[in-house]
Amino acid sequence: MNLCVKYCLFMVAVVLGSCSAWGPAVAQTTHTVFYEGSENELHVYRVYGTKPGKTLLLIGGIQGDEPGGFLAADLYADFSLEAGNLIVVPRANFPSILQQKRKVNEDMNRKFADDNVVNYETKVVKVLKQLIHESDCLLNLHEGSGIYSEQWEDSMRNPSRFGQSIIADAKVFECSKTGEVIDLEAMAKTVISKMNSHIKDPALFFHFNNHMTRKEDTIHQEQRKSATYYALYTAKIPAFGVESAKALPLEQKVRQHIYAINGFMELLNIVPETPGVDLKEPELKYMIISVNGSVPMVVMKGQRLQVKPNDSVEVLDMEVNYERGLSVDIVGLGSRLNDMGKKVRIEQETRIIGKKDFYPCGSVYLDFKPDAGGPWDRPIVSESVEKDAPMIYRIKVNNVRQEVGNDDHVELIVGDTFEIEDIVTPGIDPSNFTVNFKGFVGNSSVNTGEDRGCVVDTGKKVLMKRYSMHQKGRHYYVVTTRGDTEVGRLYIDLKPNTGQER
Ligand SMILES: [Zn+2]
């Protein structure tokens with residue numbers, strides 16, 4: 001797809017507000033909120049790959065004082081996948097996270113079996129159980145105190161500790177759906193060997209930790225009420241607890257969880273897109289503007305800032321749903337490319353376009369106060385009003401500004417320069433339109449059809465005759481479109497230069 005087509009699609013998308021050239025072209029993520037508005041609001045992200053495959057469920061933050069797990073899970077909510085799927089619950093137990101406590105009413109990871117007490121934990125577990133049934137594998141991401149070791153070494157490193165281990169409730173289990181015997185130990189050990197290749201200190205190597213939860217003599221009977229046990233024996237999918245040692249630095253714990261998640265994704269043929277492509281439509285939220293060095297004011301997208309003629313306006317910052325590639329253009333004033341952080345004298349009413357790369361993402365407007373005067377005059381922010389006014393072209397002929405209406409004729413003599421600075425389209429952001437001087441290519445490398453801001457030097461044979469009426473090179477026109485719909489024209493009558501020999 002060439003740039004022109006992309007740009008055109010973008011313009012159409014802005015206008016129609018639907019089927020965007022931005023947004024998920026391939027991979028897709030959905031975000032579902034359960035118990036919205038309550039303290040135990042539960043956010044679930046389903047990341048679908050372009051190619052089908054297995055679904056891995058990541059549960060983070062089931063106990064609020066284990067950030068290594070939920071901070072790692074959180075990163076996967078923004079993933080894009082080539083194949084397979086992820087279901088990510090970064091913060092299963094948000095109230096416990098806010099209080100940095102293992103539990104609020106009851107331990108949420110002990111409510112997957114008989115549950116006699118109904119509380120918010122019950123409600124969340126109900127959703128988690130549904131998600132387990134949607135999945136092919138579960139990772140419950142934890143931090144454990146001490147370090148697991150098959151042999152007793154000391155009170156912090158022994159078989160009853162959890163840290164630095166991948167836990168399963170059994171060595172193998174028979175999936176009753178497929179009759180397949182799944183070797184949980186082999187799965188875990190494959191992942192562990194990859195994880196350990198990233199860990200320098202052998203004392204911190206991960207180990208497989210078989211809780212043998214169903215056996216009578218297990219030392220982990222309480223795990224029969226856990227999410228992994230439910231997943232294994234009720235939903236009958238492989239399930240693991242990933243435990244990093246609580247005492248380690250946070251970053252190290254998060255990384256270990258990432259290695260574990262990546263390892264299991266690889267096992268399940270869940271393939272990430274690297275880098276992930278997430279082209280959401282760029283959208284301005286607000287600009288922070290200072291007038292004459294005043295206290296900065298927030299001007300929301302579409303709002304109008306009333307200033308006095310020749311006030312100095314500086315855009316200090318803006319909020320867009322992207323962080324990079326941002327610039328602002330004070331139309332017709334300031335510098336050619338980027339006016340961010342520059343004090344610009346406002347000689348005329350205009351607008352400030354926020355841009356992400358070359359895509360306009362919203363405007364704020366600078367109007368002159370009708371009754372300006374006096375040192376008490378302060379800039380005022382007002383809402384954009386739907387005005388029932390006709391469209392206006394702001395043009396420059398030989399660098400002299402003027403405004404002309406829709407369907408007007410502009411007379412030029414060969415040798416004149418002509419520029420369309422902008423259009424004024426009451427109630428609608430002028431960025432949503434394309435203003436195209438037919439027969440003139442403003443930017444020959446990328447012909448977007450957009451000619452605002454380009455200077456047409458009629459003395460330099462930059463106009464293509466075949467686009468003029470009757471192909472005589474006398475009568476050209478500017479066409480303004482919104483999406484596929486033409487909304488206005490401006491006629492350019494070009495007369496030969498007879499007054500002067502050249
Ligand atoms: Zn835990």
# chains A, B, ... in the order shown; residues from 1 in each chain; ligands from 1

call {"tool": "residues_around", "arguments": {"residues": "stretch 303-305 of chain A", "least_positions_apart": "6", "cutoff": "8 Å", "atoms": "only C-alpha atoms", "output": "list in words"}}
result
Val364, Tyr365, Leu366, Asp367, Pro379, Ile380, Val381, Ser382, Glu383 and Ser384 of chain A

call {"tool": "residues_near_ligand", "arguments": {"ligand": "ligand 1", "cutoff": "6 Å", "atoms": "only C-alpha atoms and all ligand atoms", "output": "ChimeraX atom specification"}}
result
/A:63,142-143

call {"tool": "residues_around", "arguments": {"residues": "A:Leu128", "least_positions_apart": "3", "cutoff": "9 Å", "atoms": "only C-alpha atoms", "output": "PyMOL selection string"}}
result
chain A and resi 59+89+92+123-125+131-133+227

call {"tool": "select_by_dssp", "arguments": {"residues": "stretch 276-348 of chain A", "states": "strand (DSSP E or B)", "output": "MDAnalysis selection string"}}
result
chainID A and resid 284:291 297:300 304:307 312:320 326:330 340 343:345

call {"tool": "residues_around", "arguments": {"residues": "stretch 402-419 of chain A", "least_positions_apart": "6", "cutoff": "12 Å", "atoms": "only C-alpha atoms", "output": "ChimeraX atom specification"}}
result
/A:332,348-349,389-396,425,435-437,440,442,451-463,473-480,486-502

call {"tool": "residues_around", "arguments": {"residues": "A:Met187", "least_positions_apart": "6", "cutoff": "10 Å", "atoms": "only C-alpha atoms", "output": "VMD selection string"}}
result
chain A and resid 171 to 172 208 238 240 263 to 264 267 to 268

call {"tool": "select_by_dssp", "arguments": {"residues": "stretch 1-158 of chain A", "states": "alpha helix (DSSP H)", "output": "PyMOL selection string"}}
result
chain A and resi 3-16+67-76+94-98+120-134

call {"tool": "atom_distance", "arguments": {"atom1": "atom CA of A:Gln306", "atom2": "atom CA of A:Val344"}}
result
14.9 Å

call {"tool": "residues_around", "arguments": {"residues": "A:Ile182", "least_positions_apart": "6", "cutoff": "7 Å", "atoms": "only C-alpha atoms", "output": "count of residues only"}}
result
4

call {"tool": "closest_residue", "arguments": {"among": "A:Thr274, A:Ser290, A:Ser244, A:Asn116", "to": "A:Pro67", "atoms": "only C-alpha atoms"}}
result
A:Ser244

call {"tool": "residues_around", "arguments": {"residues": "A:Pro360", "least_positions_apart": "6", "cutoff": "8 Å", "atoms": "only C-alpha atoms", "output": "JSON, numbers by chain"}}
result
{"A": [282, 353, 354, 431]}

call {"tool": "write_last_selection", "arguments": {"atoms": "N, CA, C and O atoms", "output": "compact mmCIF listing (two decimals), in the first residue's frame"}}
result
# COMPACT_ATOMS: atom_id res chain seq x y z
N PRO A 282 -4.75 8.14 15.77
CA PRO A 282 -4.20 9.18 16.64
C PRO A 282 -5.29 10.16 17.05
O PRO A 282 -6.06 10.62 16.20
N ILE A 353 -3.07 22.77 14.96
CA ILE A 353 -3.29 21.36 14.65
C ILE A 353 -2.31 20.54 15.47
O ILE A 353 -1.11 20.82 15.48
N GLY A 354 -2.82 19.53 16.14
CA GLY A 354 -1.95 18.53 16.76
C GLY A 354 -1.70 17.44 15.74
O GLY A 354 -2.60 17.02 15.04
N SER A 431 -9.19 19.55 9.72
CA SER A 431 -8.28 18.44 9.40
C SER A 431 -9.02 17.26 8.80
O SER A 431 -8.41 16.40 8.16

call {"tool": "closest_residue", "arguments": {"among": "A:Gln28, A:Ser468, A:Gln100, A:Asn432", "to": "A:Asp484", "atoms": "only C-alpha atoms"}}
result
A:Asn432
